[in-house]
$ cat input-v2.cif   # mmCIF, C-alpha atoms
data_upload
#
loop_
_atom_site.label_atom_id
_atom_site.label_comp_id
_atom_site.auth_asym_id
_atom_site.auth_seq_id
_atom_site.Cartn_x
_atom_site.Cartn_y
_atom_site.Cartn_z
CA MET A 1 36.56 117.86 -83.29
CA LYS A 2 33.83 120.50 -83.38
CA ILE A 3 32.82 122.40 -80.23
CA LEU A 4 29.79 124.64 -79.84
CA ILE A 5 29.78 127.42 -77.22
CA ILE A 6 26.42 128.83 -76.06
CA ASP A 7 26.74 131.78 -73.66
CA ASP A 8 24.97 135.15 -73.65
CA GLU A 9 28.18 136.97 -72.66
CA GLU A 10 30.18 137.86 -75.77
CA SER A 11 33.37 138.23 -73.70
CA ILE A 12 33.05 134.62 -72.51
CA CYS A 13 32.43 133.41 -76.07
CA SER A 14 35.48 135.33 -77.33
CA SER A 15 37.84 134.16 -74.59
CA LEU A 16 36.79 130.53 -74.89
CA THR A 17 37.08 130.63 -78.68
CA PHE A 18 40.59 132.08 -78.40
CA ALA A 19 41.61 129.43 -75.86
CA LEU A 20 40.27 126.47 -77.82
CA GLU A 21 40.52 127.29 -81.53
CA ASP A 22 44.06 125.95 -81.91
CA ALA A 23 42.95 122.45 -80.93
CA TYR A 24 39.30 122.38 -82.06
CA GLN A 25 36.85 123.83 -84.58
CA VAL A 26 34.91 126.29 -82.45
CA THR A 27 31.54 127.97 -83.04
CA ALA A 28 30.32 130.50 -80.44
CA ILE A 29 26.68 131.68 -80.32
CA THR A 30 25.05 134.05 -77.80
CA ASP A 31 21.42 133.34 -78.82
CA PRO A 32 20.29 129.88 -77.59
CA ILE A 33 17.40 129.68 -80.09
CA GLN A 34 19.79 130.34 -82.96
CA ALA A 35 22.13 127.70 -81.52
CA LEU A 36 19.34 125.11 -81.57
CA HIS A 37 18.67 125.88 -85.24
CA VAL A 38 22.37 125.40 -86.02
CA VAL A 39 22.44 122.04 -84.19
CA GLU A 40 19.59 120.81 -86.38
CA TYR A 41 21.88 120.94 -89.43
CA GLU A 42 25.44 120.58 -88.12
CA ILE A 43 27.05 117.88 -85.98
CA TYR A 44 29.06 118.86 -82.89
CA GLN A 45 31.00 116.51 -80.65
CA LEU A 46 30.77 118.77 -77.61
CA CYS A 47 28.92 121.83 -76.32
CA LEU A 48 29.92 124.33 -73.62
CA LEU A 49 26.58 125.58 -72.34
CA ASP A 50 25.89 128.38 -69.86
CA LEU A 51 23.40 127.44 -67.14
CA LYS A 52 21.73 130.85 -67.35
CA ILE A 53 21.49 132.44 -70.82
CA GLY A 54 19.71 135.76 -70.30
CA ASN A 55 16.15 134.79 -69.40
CA VAL A 56 16.53 131.28 -70.80
CA ASP A 57 17.16 128.30 -68.51
CA GLY A 58 20.23 126.36 -69.68
CA ILE A 59 18.75 123.05 -68.48
CA THR A 60 15.89 123.52 -70.96
CA ILE A 61 18.42 124.11 -73.76
CA LEU A 62 20.39 121.05 -72.55
CA LYS A 63 17.32 118.83 -72.93
CA GLN A 64 16.63 120.17 -76.43
CA LEU A 65 20.26 119.72 -77.48
CA LYS A 66 20.15 116.09 -76.33
CA GLN A 67 16.97 115.51 -78.31
CA LEU A 68 18.58 116.92 -81.46
CA GLN A 69 21.97 115.24 -81.01
CA PRO A 70 21.87 112.54 -78.29
CA SER A 71 25.54 111.63 -78.75
CA MET A 72 26.83 115.20 -78.22
CA GLU A 73 28.52 115.69 -74.84
CA VAL A 74 27.62 118.84 -72.89
CA ILE A 75 29.67 120.64 -70.23
CA MET A 76 27.68 123.17 -68.20
CA ILE A 77 29.22 126.55 -67.32
CA THR A 78 27.80 128.76 -64.61
CA ALA A 79 28.60 131.46 -62.09
CA TYR A 80 26.21 129.75 -59.68
CA GLY A 81 28.13 126.70 -58.50
CA THR A 82 25.43 125.23 -56.32
CA ILE A 83 25.02 121.54 -55.61
CA GLU A 84 21.40 121.68 -56.78
CA SER A 85 22.21 123.07 -60.24
CA SER A 86 25.10 120.62 -60.63
CA VAL A 87 22.92 117.62 -59.82
CA THR A 88 20.14 118.85 -62.12
CA ALA A 89 22.57 119.24 -65.01
CA LEU A 90 24.06 115.78 -64.52
CA GLN A 91 20.61 114.22 -64.18
CA ASN A 92 19.79 115.63 -67.60
CA ASP A 93 22.82 114.00 -69.26
CA ALA A 94 25.36 116.80 -68.92
CA PHE A 95 28.85 115.28 -68.85
CA SER A 96 30.32 117.63 -66.26
CA TYR A 97 30.05 121.05 -64.67
CA VAL A 98 32.52 123.98 -64.34
CA THR A 99 32.09 127.36 -62.68
CA LYS A 100 33.01 130.91 -63.59
CA PRO A 101 35.58 132.31 -63.53
CA ILE A 102 36.73 129.41 -65.68
CA ASN A 103 39.98 127.67 -64.89
CA MET A 104 41.28 126.88 -68.38
CA ASP A 105 43.38 123.91 -67.26
CA GLU A 106 40.31 122.44 -65.60
CA LEU A 107 38.21 123.11 -68.72
CA HIS A 108 40.76 121.49 -71.05
CA ALA A 109 40.86 118.45 -68.79
CA ASN A 110 37.06 118.21 -68.77
CA ILE A 111 36.88 118.54 -72.56
CA LYS A 112 39.46 115.75 -73.03
CA LYS A 113 37.55 113.51 -70.62
CA ALA A 114 34.25 114.22 -72.37
CA LEU A 115 35.66 113.48 -75.82
CA LYS A 116 37.34 110.31 -74.55
CA TYR A 117 34.06 109.23 -73.00
CA LYS A 118 32.31 109.91 -76.31
CA GLU A 119 34.92 107.88 -78.18
CA LEU A 120 34.48 104.93 -75.81
CA ASN A 121 30.70 105.13 -76.21
CA GLN A 122 31.10 105.04 -79.98
CA GLN A 123 33.33 101.98 -79.69
CA VAL A 124 30.75 100.26 -77.49
CA GLU A 125 27.98 101.12 -79.96
CA TYR A 126 30.10 99.79 -82.83
CA LEU A 127 30.86 96.53 -81.01
CA THR A 128 27.19 96.20 -80.08
CA ARG A 129 26.20 96.60 -83.73
CA GLU A 130 28.82 94.02 -84.75
CA LEU A 131 27.52 91.60 -82.12
CA GLU A 132 23.98 92.17 -83.33
CA LYS A 133 25.11 91.38 -86.88
CA LYS A 134 26.68 88.17 -85.65
CA TYR A 135 23.94 87.13 -83.26
CA ARG A 136 20.94 88.39 -85.23
CA TYR A 137 19.52 87.43 -88.59
CA GLU A 138 16.57 89.58 -89.61
CA GLU A 139 14.13 89.06 -86.69
CA MET A 140 15.98 86.06 -85.21
CA ILE A 141 18.40 86.22 -82.28
CA GLY A 142 20.95 83.58 -81.31
CA GLN A 143 24.60 83.25 -80.37
CA SER A 144 24.31 79.51 -79.67
CA GLU A 145 26.00 77.02 -81.96
CA GLU A 146 22.59 75.66 -82.96
CA MET A 147 21.31 79.05 -84.16
CA GLN A 148 24.60 79.95 -85.82
CA LYS A 149 24.15 76.80 -87.93
CA VAL A 150 20.68 78.02 -88.93
CA PHE A 151 22.08 81.45 -89.88
CA THR A 152 24.84 79.80 -91.94
CA LEU A 153 22.30 77.69 -93.83
CA ILE A 154 20.15 80.74 -94.56
CA ASP A 155 23.19 82.51 -95.99
CA LYS A 156 23.96 79.54 -98.23
CA VAL A 157 20.45 79.08 -99.65
CA LYS A 158 19.03 82.60 -99.82
CA GLU A 159 20.25 83.35 -103.37
CA PHE A 160 19.05 80.06 -104.87
CA ASN A 161 15.60 78.96 -106.04
CA THR A 162 15.90 75.60 -104.30
CA ASN A 163 12.87 74.34 -102.40
CA ILE A 164 13.40 74.27 -98.64
CA LEU A 165 11.77 72.32 -95.82
CA ILE A 166 11.93 73.90 -92.37
CA THR A 167 11.35 71.44 -89.53
CA GLY A 168 11.02 71.97 -85.81
CA GLU A 169 8.62 72.08 -82.89
CA SER A 170 5.82 74.62 -82.66
CA GLY A 171 6.98 78.04 -81.57
CA THR A 172 10.63 77.64 -82.65
CA GLY A 173 10.49 80.37 -85.30
CA LYS A 174 10.01 78.47 -88.58
CA GLU A 175 8.17 81.38 -90.16
CA LEU A 176 10.98 83.74 -89.11
CA VAL A 177 13.45 81.51 -90.98
CA ALA A 178 11.26 81.63 -94.08
CA ARG A 179 11.02 85.42 -93.86
CA ALA A 180 14.79 85.71 -93.41
CA ILE A 181 15.44 83.59 -96.51
CA HIS A 182 13.03 85.66 -98.59
CA TYR A 183 13.93 89.16 -97.42
CA SER A 184 17.70 88.63 -97.43
CA GLY A 185 17.83 86.89 -100.82
CA LYS A 186 17.43 87.89 -104.45
CA ARG A 187 13.64 87.48 -104.31
CA LYS A 188 13.22 90.14 -101.60
CA LYS A 189 11.65 92.62 -104.06
CA GLY A 190 8.99 90.05 -104.93
CA PRO A 191 6.00 89.07 -102.78
CA LEU A 192 6.10 86.70 -99.83
CA GLU A 193 2.81 84.84 -99.50
CA ILE A 194 2.06 82.74 -96.42
CA LEU A 195 -0.51 79.97 -96.12
CA ASN A 196 -1.09 77.84 -93.03
CA CYS A 197 -2.28 74.48 -94.34
CA ALA A 198 -3.67 73.45 -90.95
CA ALA A 199 -5.72 76.61 -90.41
CA ILE A 200 -7.98 76.37 -93.49
CA PRO A 201 -10.69 73.74 -94.09
CA GLU A 202 -9.88 71.28 -96.87
CA GLN A 203 -12.66 72.56 -99.15
CA LEU A 204 -11.28 76.11 -98.97
CA LEU A 205 -7.58 75.25 -99.03
CA GLU A 206 -7.63 74.24 -102.70
CA SER A 207 -9.20 77.51 -103.84
CA GLU A 208 -6.80 79.49 -101.62
CA LEU A 209 -3.82 77.77 -103.21
CA PHE A 210 -4.84 77.63 -106.85
CA GLY A 211 -7.42 80.43 -107.17
CA TYR A 212 -10.69 80.20 -109.05
CA GLU A 213 -12.75 81.70 -111.88
CA LYS A 214 -16.12 83.33 -111.47
CA GLY A 215 -18.84 80.68 -111.23
CA ALA A 216 -16.37 77.85 -110.51
CA PHE A 217 -18.46 76.89 -107.49
CA THR A 218 -21.36 78.23 -105.46
CA GLY A 219 -20.31 81.54 -103.96
CA ALA A 220 -17.59 82.26 -106.54
CA VAL A 221 -19.11 85.60 -107.59
CA SER A 222 -15.81 86.88 -109.02
CA SER A 223 -12.45 85.52 -110.10
CA LYS A 224 -9.60 85.32 -107.60
CA ALA A 225 -5.90 84.58 -107.93
CA GLY A 226 -4.58 81.88 -105.59
CA LYS A 227 -1.50 82.01 -103.41
CA PHE A 228 0.67 80.55 -106.18
CA GLU A 229 -0.20 83.36 -108.57
CA GLN A 230 0.09 86.00 -105.85
CA ALA A 231 3.58 84.74 -105.02
CA ASN A 232 4.79 84.82 -108.63
CA ARG A 233 8.41 86.08 -108.84
CA GLY A 234 8.57 85.75 -105.07
CA THR A 235 8.18 83.11 -102.36
CA LEU A 236 5.29 80.96 -101.18
CA PHE A 237 5.62 79.76 -97.59
CA LEU A 238 3.44 76.71 -96.89
CA ASP A 239 3.29 76.38 -93.12
CA GLU A 240 2.23 73.10 -91.48
CA ILE A 241 2.62 71.26 -94.80
CA GLY A 242 2.29 67.95 -92.94
CA ASP A 243 -1.40 68.71 -92.37
CA MET A 244 -2.19 69.13 -96.08
CA PRO A 245 -4.90 66.65 -97.21
CA ALA A 246 -3.69 63.79 -99.45
CA SER A 247 -5.88 64.94 -102.37
CA LEU A 248 -4.14 68.33 -102.44
CA GLN A 249 -0.68 66.81 -102.02
CA ALA A 250 -0.97 65.25 -105.48
CA LYS A 251 -2.03 68.57 -107.05
CA LEU A 252 0.77 70.42 -105.27
CA LEU A 253 3.29 67.88 -106.60
CA ARG A 254 2.09 68.46 -110.17
CA ILE A 255 2.52 72.21 -109.81
CA LEU A 256 6.04 71.80 -108.41
CA GLN A 257 6.94 69.52 -111.31
CA LYS A 258 5.39 71.59 -114.12
CA LYS A 259 5.83 75.05 -112.57
CA GLU A 260 2.39 76.13 -113.74
CA VAL A 261 -1.03 76.44 -112.14
CA THR A 262 -4.62 76.30 -113.33
CA ARG A 263 -7.38 78.10 -111.47
CA LEU A 264 -10.47 76.16 -110.45
CA GLY A 265 -13.03 76.45 -113.24
CA SER A 266 -10.43 77.35 -115.89
CA ASN A 267 -8.40 75.50 -118.51
CA GLU A 268 -5.76 78.20 -118.82
CA MET A 269 -2.29 77.29 -117.56
CA LYS A 270 -0.37 80.10 -115.87
CA VAL A 271 3.43 79.75 -115.82
CA LEU A 272 4.96 80.29 -112.39
CA ASP A 273 8.23 81.60 -111.03
CA VAL A 274 7.75 80.80 -107.36
CA ARG A 275 10.15 79.54 -104.72
CA ILE A 276 8.53 77.12 -102.28
CA ILE A 277 9.45 77.07 -98.61
CA ALA A 278 7.49 74.55 -96.55
CA ALA A 279 7.47 74.00 -92.80
CA THR A 280 6.16 71.37 -90.42
CA ASN A 281 6.31 70.35 -86.77
CA LEU A 282 5.53 66.74 -87.73
CA ASP A 283 8.00 63.97 -88.51
CA LEU A 284 7.26 63.64 -92.23
CA GLU A 285 9.21 60.39 -92.56
CA GLU A 286 6.94 58.91 -89.89
CA GLU A 287 3.90 60.39 -91.66
CA MET A 288 5.05 58.73 -94.91
CA GLU A 289 5.26 55.35 -93.16
CA LYS A 290 1.69 55.86 -91.91
CA GLY A 291 0.58 56.74 -95.44
CA ASN A 292 -0.35 60.30 -94.49
CA PHE A 293 2.24 62.08 -96.63
CA ARG A 294 3.41 61.39 -100.18
CA GLU A 295 7.00 60.24 -100.48
CA ASP A 296 7.48 61.91 -103.90
CA LEU A 297 6.22 65.24 -102.54
CA TYR A 298 8.48 64.95 -99.52
CA PHE A 299 11.60 64.58 -101.67
CA ARG A 300 10.44 67.39 -103.98
CA LEU A 301 10.07 69.76 -100.99
CA ASN A 302 13.01 68.55 -98.94
CA VAL A 303 15.86 69.55 -101.25
CA ILE A 304 17.41 71.39 -98.31
CA GLU A 305 16.25 70.95 -94.72
CA ILE A 306 16.69 73.60 -92.03
CA ARG A 307 15.89 72.47 -88.50
CA THR A 308 14.91 75.14 -85.98
CA PRO A 309 16.14 73.98 -82.56
CA PRO A 310 13.82 74.01 -79.54
CA LEU A 311 14.64 76.58 -76.86
CA ARG A 312 15.75 73.91 -74.39
CA GLU A 313 18.62 73.08 -76.79
CA ARG A 314 19.81 76.70 -76.99
CA LYS A 315 19.61 77.89 -73.40
CA SER A 316 22.65 80.16 -73.94
CA ASP A 317 20.39 82.37 -76.11
CA LEU A 318 17.93 83.01 -73.27
CA PRO A 319 19.61 86.17 -71.86
CA PHE A 320 19.60 87.77 -75.33
CA LEU A 321 15.99 86.75 -76.00
CA ILE A 322 14.77 87.90 -72.59
CA GLU A 323 16.42 91.29 -73.05
CA TYR A 324 14.92 91.60 -76.54
CA PHE A 325 11.36 90.77 -75.46
CA ILE A 326 11.53 93.02 -72.39
CA GLY A 327 12.61 95.93 -74.60
CA LYS A 328 9.94 95.14 -77.19
CA ASN A 329 7.14 94.98 -74.63
CA ASN A 330 8.32 98.13 -72.90
CA ASP A 331 8.21 99.93 -76.25
CA ASP A 332 4.81 98.46 -77.14
CA HIS A 333 3.22 99.33 -73.78
CA GLY A 334 5.18 102.50 -72.95
CA LEU A 335 6.70 100.95 -69.82
CA THR A 336 10.14 100.85 -68.19
CA LYS A 337 10.24 97.41 -66.55
CA THR A 338 13.81 96.60 -67.32
CA LYS A 339 14.76 93.39 -65.49
CA PHE A 340 13.85 90.40 -63.31
CA THR A 341 14.78 89.81 -59.69
CA LYS A 342 17.57 87.24 -59.24
CA GLU A 343 15.10 84.54 -58.21
CA ALA A 344 12.74 85.27 -61.12
CA GLU A 345 15.67 85.38 -63.53
CA ALA A 346 16.84 81.97 -62.25
CA ARG A 347 13.36 80.56 -62.95
CA MET A 348 13.41 82.08 -66.45
CA LEU A 349 16.82 80.59 -67.23
CA SER A 350 16.08 77.10 -65.88
CA TYR A 351 12.60 76.65 -67.36
CA ASN A 352 12.39 74.29 -70.37
CA TYR A 353 9.80 76.25 -72.44
CA PRO A 354 7.84 73.45 -74.13
CA GLY A 355 6.13 76.19 -76.16
CA ASN A 356 9.56 77.52 -77.19
CA ILE A 357 10.04 81.14 -78.32
CA ARG A 358 6.32 81.77 -78.52
CA GLU A 359 5.89 80.72 -74.87
CA LEU A 360 8.87 82.82 -73.76
CA ALA A 361 7.43 85.90 -75.48
CA ASN A 362 4.02 85.33 -73.87
CA ILE A 363 5.54 84.81 -70.40
CA ILE A 364 7.50 88.06 -70.60
CA GLU A 365 4.52 90.03 -71.89
CA SER A 366 2.18 88.74 -69.18
CA SER A 367 4.84 89.31 -66.48
CA ILE A 368 5.35 92.90 -67.59
CA VAL A 369 1.61 93.55 -67.63
CA PHE A 370 1.05 92.11 -64.13
CA ALA A 371 4.20 93.48 -62.47
CA GLU A 372 3.37 96.40 -60.17
CA LYS A 373 7.02 97.45 -59.86
CA ASN A 374 9.71 98.12 -62.45
CA VAL A 375 11.50 94.92 -61.44
CA ILE A 376 9.66 91.68 -62.29
CA GLY A 377 9.50 89.16 -59.43
CA VAL A 378 8.56 85.49 -59.13
CA SER A 379 5.02 86.50 -58.10
CA ASP A 380 4.59 88.11 -61.52
CA LEU A 381 5.43 84.88 -63.40
CA PRO A 382 2.80 82.39 -64.63
CA ALA A 383 1.61 79.76 -62.14
CA SER A 384 3.58 76.95 -63.83
CA MET A 385 6.82 78.83 -63.20
CA LYS A 386 6.04 79.83 -59.61
CA ARG A 387 5.98 76.19 -58.54
CA SER A 388 9.37 75.37 -59.96
CA GLY A 389 11.93 76.42 -62.49
CA LYS A 390 11.04 73.51 -64.77
CA ARG A 391 8.22 71.43 -66.16
CA PRO A 392 7.27 67.98 -64.86
CA VAL A 393 9.11 65.18 -66.65
CA THR A 394 7.04 63.57 -69.41
CA LEU A 395 7.94 61.49 -72.42
CA ALA A 396 7.36 64.57 -74.57
CA SER A 397 9.82 66.68 -72.58
CA VAL A 398 12.90 64.47 -72.99
CA SER A 399 14.83 63.26 -76.01
CA LEU A 400 15.58 59.63 -76.85
CA GLU A 401 19.26 60.12 -76.06
CA GLN A 402 18.37 60.77 -72.42
CA PHE A 403 16.99 57.22 -72.10
CA VAL A 404 20.09 55.48 -73.46
CA GLY A 405 21.83 53.38 -70.80
CA LEU A 406 18.94 53.52 -68.32
CA THR A 407 17.17 50.42 -67.11
CA LEU A 408 13.40 50.46 -66.79
CA LYS A 409 13.79 50.65 -63.02
CA GLU A 410 16.18 53.62 -63.27
CA LEU A 411 13.83 55.35 -65.70
CA GLU A 412 10.89 54.92 -63.33
CA LYS A 413 12.95 56.33 -60.46
CA ARG A 414 13.95 59.36 -62.48
CA PHE A 415 10.36 60.14 -63.48
CA ILE A 416 9.14 59.85 -59.91
CA LEU A 417 11.88 61.94 -58.30
CA GLU A 418 11.84 64.72 -60.89
CA ASN A 419 8.05 64.99 -60.76
CA LEU A 420 8.29 65.11 -56.97
CA GLU A 421 10.76 68.00 -57.28
CA TYR A 422 8.38 69.76 -59.67
CA GLN A 423 5.59 69.46 -57.09
CA ASN A 424 7.92 70.95 -54.44
CA GLY A 425 7.93 67.67 -52.49
CA HIS A 426 4.13 67.47 -52.25
CA LYS A 427 3.51 63.69 -52.30
CA LYS A 428 -0.25 63.76 -52.83
CA ASN A 429 0.01 66.06 -55.88
CA THR A 430 2.88 63.97 -57.25
CA ALA A 431 0.92 60.75 -56.86
CA THR A 432 -2.09 62.30 -58.61
CA ALA A 433 0.09 63.55 -61.48
CA LEU A 434 1.69 60.10 -61.90
CA GLY A 435 -1.63 58.25 -61.65
CA VAL A 436 -0.64 56.12 -58.66
CA SER A 437 -1.82 55.93 -55.06
CA GLU A 438 -0.09 58.04 -52.45
CA ARG A 439 0.77 54.85 -50.58
CA SER A 440 2.49 53.38 -53.66
CA LEU A 441 4.48 56.57 -54.05
CA ARG A 442 5.57 56.52 -50.41
CA ASP A 443 6.66 52.89 -50.77
CA LYS A 444 8.78 53.79 -53.79
CA LEU A 445 10.39 56.74 -52.02
CA LYS A 446 11.12 54.57 -48.98
CA GLN A 447 12.75 52.01 -51.29
CA TYR A 448 14.93 54.68 -52.95
CA LYS A 449 16.00 55.95 -49.52
CA GLU A 450 16.97 52.46 -48.40
CA GLU A 451 18.96 51.93 -51.59
CA ASN A 452 20.83 55.22 -51.13
CA PRO A 453 21.02 55.95 -47.38
CA LEU A 454 22.60 59.25 -46.37
#

$ encode --input "input-v2.cif" --output "structure tokens"
Amino acid sequence: MKILIIDDEESICSSLTFALEDAYQVTAITDPIQALHVVEYEIYQLCLLDLKIGNVDGITILKQLKQLQPSMEVIMITAYGTIESSVTALQNDAFSYVTKPINMDELHANIKKALKYKELNQQVEYLTRELEKKYRYEEMIGQSEEMQKVFTLIDKVKEFNTNILITGESGTGKELVARAIHYSGKRKKGPLEILNCAAIPEQLLESELFGYEKGAFTGAVSSKAGKFEQANRGTLFLDEIGDMPASLQAKLLRILQKKEVTRLGSNEMKVLDVRIIAATNLDLEEEMEKGNFREDLYFRLNVIEIRTPPLRERKSDLPFLIEYFIGKNNDDHGLTKTKFTKEAEARMLSYNYPGNIRELANIIESSIVFAEKNVIGVSDLPASMKRSGKRPVTLASVSLEQFVGLTLKELEKRFILENLEYQNGHKKNTATALGVSERSLRDKLKQYKEENPL
């Protein structure tokens, strides 16, 4: 262990060096500016720092030491054992405080405590890093079983050139999965090109994908490589593939089969080395039945499927995600709003997030912006979350499994009662939301009460 002593009295430096050099590597310096230069290039586990070094304030040196080496523990030494100086030192991350004349037994005890504290901090940091490795994959966070399955699949496929289809609701992080596959695999040194098939008009989508030669169409004043060429030796991520027009689906299939592309207005074939990752929030099997998506293209893309779970299926990840987005927004906005009140936190943890991760991120950002205090309260949450901790029950908000075993009468009762809870017991608002008269609603509630009297 290496200890640095900074004190303007040479006698103090000498006596401390003599007392400590058998157990530690000791460096003693009387000039604080010189000491700061030394700390820039050499690591010390602990520093014994005088509170008053000539005309230099030791607290100022303490702050600079902590900036240079945040993990170094500092014990302040002073002849002025006042409460004020002690508190100031501790507020600025000093570990402890001893007074002159120095009691060597007390100093040894303080040094051992400081080094033990440092060791425990290092263990915590190590365990935190290990947890992050386990619960994080690139930009994704998740300790839930559902997300661990996603991480395992990414690990299995990242080194192969196999085409992958990522499925899941909007906002579940499909693009993050694609990025993780690309940047953690053997193609990470190649380009990652991203194209949202739903965001570009059909007449432009073809030229974006395949590129074009000068004069190929009106407005083509110069040649341009398409996304396939730009992604050569890398990865092309086709987001919202289910929205690709049928005419382009056939051309995409040909490219996947032949592994070559021809620009619009050209006869030259360009050989490709591109991995395709596609994503959709649609049920492609249902789209095939409707005739909206080619079956042969589906099986060409869906060699391996990775499903990104909705947030309501991985509620155990919410504390990690909330902490991550609070930290991110604090960094982005230069703020220090570190947590929610208990009531607001309960709303955050019980809410179903139909917009998934994207909605969670937006809620936290808006809450941080509107919060007037460092702690975020219910009043800072969006209106939908102030009314209740969950969304109204709709067919879109429940899975098929939740209907199994229920009669039509039981299903109706559940919808009515849960929507009433969402409206905080307000019968008129509930009736309006359900599209029935208030009288009909009251009759139903009276019936339920008679069936289950207290």

$ resolve_selection --input "input-v2.cif" --expression "the PyMOL selection byres ((chain A and resi 278) around 6)" --output "PyMOL selection string"
chain A and resi 165+237-239+277+279

$ axis_aligned_box --input "input-v2.cif" --around "stretch 214-224 of chain A" --padding-each-side "4 Å" --output "AutoDock Vina command-line options"
--center_x -15.5 --center_y 81.9 --center_z -107.7 --size_x 19.8 --size_y 18.0 --size_z 15.5

$ atom_distance --input "input-v2.cif" --atom1 "atom CA of A:Glu343" --atom2 "atom CA of A:Val378"
6.7 Å

$ atom_distance --input "input-v2.cif" --atom1 "atom CA of A:Val271" --atom2 "atom CA of A:Gln230"
12.2 Å

$ resolve_selection --input "input-v2.cif" --expression "the PyMOL selection byres ((chain A and resi 425-428) around 12)" --output "PDB file with C-alpha atoms, in the frame of the given file"
ATOM      1  CA  ARG A 387       5.980  76.190 -58.540  1.00  0.00           C
ATOM      2  CA  SER A 388       9.370  75.370 -59.960  1.00  0.00           C
ATOM      3  CA  ILE A 416       9.140  59.850 -59.910  1.00  0.00           C
ATOM      4  CA  LEU A 417      11.880  61.940 -58.300  1.00  0.00           C
ATOM      5  CA  GLU A 418      11.840  64.720 -60.890  1.00  0.00           C
ATOM      6  CA  ASN A 419       8.050  64.990 -60.760  1.00  0.00           C
ATOM      7  CA  LEU A 420       8.290  65.110 -56.970  1.00  0.00           C
ATOM      8  CA  GLU A 421      10.760  68.000 -57.280  1.00  0.00           C
ATOM      9  CA  TYR A 422       8.380  69.760 -59.670  1.00  0.00           C
ATOM     10  CA  GLN A 423       5.590  69.460 -57.090  1.00  0.00           C
ATOM     11  CA  ASN A 424       7.920  70.950 -54.440  1.00  0.00           C
ATOM     12  CA  ASN A 429       0.010  66.060 -55.880  1.00  0.00           C
ATOM     13  CA  THR A 430       2.880  63.970 -57.250  1.00  0.00           C
ATOM     14  CA  ALA A 431       0.920  60.750 -56.860  1.00  0.00           C
ATOM     15  CA  THR A 432      -2.090  62.300 -58.610  1.00  0.00           C
ATOM     16  CA  ALA A 433       0.090  63.550 -61.480  1.00  0.00           C
ATOM     17  CA  LEU A 434       1.690  60.100 -61.900  1.00  0.00           C
ATOM     18  CA  GLY A 435      -1.630  58.250 -61.650  1.00  0.00           C
ATOM     19  CA  VAL A 436      -0.640  56.120 -58.660  1.00  0.00           C
ATOM     20  CA  SER A 437      -1.820  55.930 -55.060  1.00  0.00           C
ATOM     21  CA  GLU A 438      -0.090  58.040 -52.450  1.00  0.00           C
ATOM     22  CA  ARG A 439       0.770  54.850 -50.580  1.00  0.00           C
ATOM     23  CA  SER A 440       2.490  53.380 -53.660  1.00  0.00           C
ATOM     24  CA  LEU A 441       4.480  56.570 -54.050  1.00  0.00           C
ATOM     25  CA  ARG A 442       5.570  56.520 -50.410  1.00  0.00           C
ATOM     26  CA  ASP A 443       6.660  52.890 -50.770  1.00  0.00           C
ATOM     27  CA  LYS A 444       8.780  53.790 -53.790  1.00  0.00           C
ATOM     28  CA  LEU A 445      10.390  56.740 -52.020  1.00  0.00           C
TER      29      LEU A 445
END

$ residues_around --input "input-v2.cif" --residues "stretch 178-190 of chain A" --least-positions-apart "5" --cutoff "12 Å" --atoms "only C-alpha atoms" --output "PyMOL selection string"
chain A and resi 136-141+150-167+173+229-239+273-279+305-308

$ residues_around --input "input-v2.cif" --residues "A:Pro382" --least-positions-apart "3" --cutoff "10 Å" --atoms "only C-alpha atoms" --output "compact mmCIF listing (two decimals) with C-alpha atoms, in the frame of the given file"
# COMPACT_ATOMS: atom_id res chain seq x y z
CA ASN A 362 4.02 85.33 -73.87
CA ILE A 363 5.54 84.81 -70.40
CA ILE A 364 7.50 88.06 -70.60
CA SER A 366 2.18 88.74 -69.18
CA SER A 367 4.84 89.31 -66.48
CA PHE A 370 1.05 92.11 -64.13
CA VAL A 378 8.56 85.49 -59.13
CA SER A 379 5.02 86.50 -58.10
CA MET A 385 6.82 78.83 -63.20
CA LYS A 386 6.04 79.83 -59.61
CA ARG A 387 5.98 76.19 -58.54

$ atom_distance --input "input-v2.cif" --atom1 "atom CA of A:Ala246" --atom2 "atom CA of A:Leu297"
10.5 Å

$ closest_atom_pairs --input "input-v2.cif" --of "stretch 72-127 of chain A" --to "stretch 6-26 of chain A" --cutoff "9 Å" --atoms "all atoms listed in the file" --output "CSV"
residue,atom,partner,partner_atom,distance
A:Ile77,CA,A:Asp7,CA,8.6
A:Met104,CA,A:Ala19,CA,7.9
A:His108,CA,A:Leu20,CA,8.4

$ resolve_selection --input "input-v2.cif" --expression "the PyMOL selection byres ((chain A and resi 45) around 10)" --output "list in words"
Met1, Lys2, Ile3, Leu4, Ile43, Tyr44, Leu46, Cys47, Gln69, Ser71, Met72, Glu73, Val74, Ala114, Leu115, Lys118 and Glu119 of chain A

$ write_last_selection --input "input-v2.cif" --atoms "C-alpha atoms" --output "short mmCIF file (atom, residue, chain, number, x, y, z; two decimals), keeping the file's coordinate frame"
data_model
loop_
_atom_site.label_atom_id
_atom_site.label_comp_id
_atom_site.auth_asym_id
_atom_site.auth_seq_id
_atom_site.Cartn_x
_atom_site.Cartn_y
_atom_site.Cartn_z
CA MET A 1 36.56 117.86 -83.29
CA LYS A 2 33.83 120.50 -83.38
CA ILE A 3 32.82 122.40 -80.23
CA LEU A 4 29.79 124.64 -79.84
CA ILE A 43 27.05 117.88 -85.98
CA TYR A 44 29.06 118.86 -82.89
CA LEU A 46 30.77 118.77 -77.61
CA CYS A 47 28.92 121.83 -76.32
CA GLN A 69 21.97 115.24 -81.01
CA SER A 71 25.54 111.63 -78.75
CA MET A 72 26.83 115.20 -78.22
CA GLU A 73 28.52 115.69 -74.84
CA VAL A 74 27.62 118.84 -72.89
CA ALA A 114 34.25 114.22 -72.37
CA LEU A 115 35.66 113.48 -75.82
CA LYS A 118 32.31 109.91 -76.31
CA GLU A 119 34.92 107.88 -78.18
#
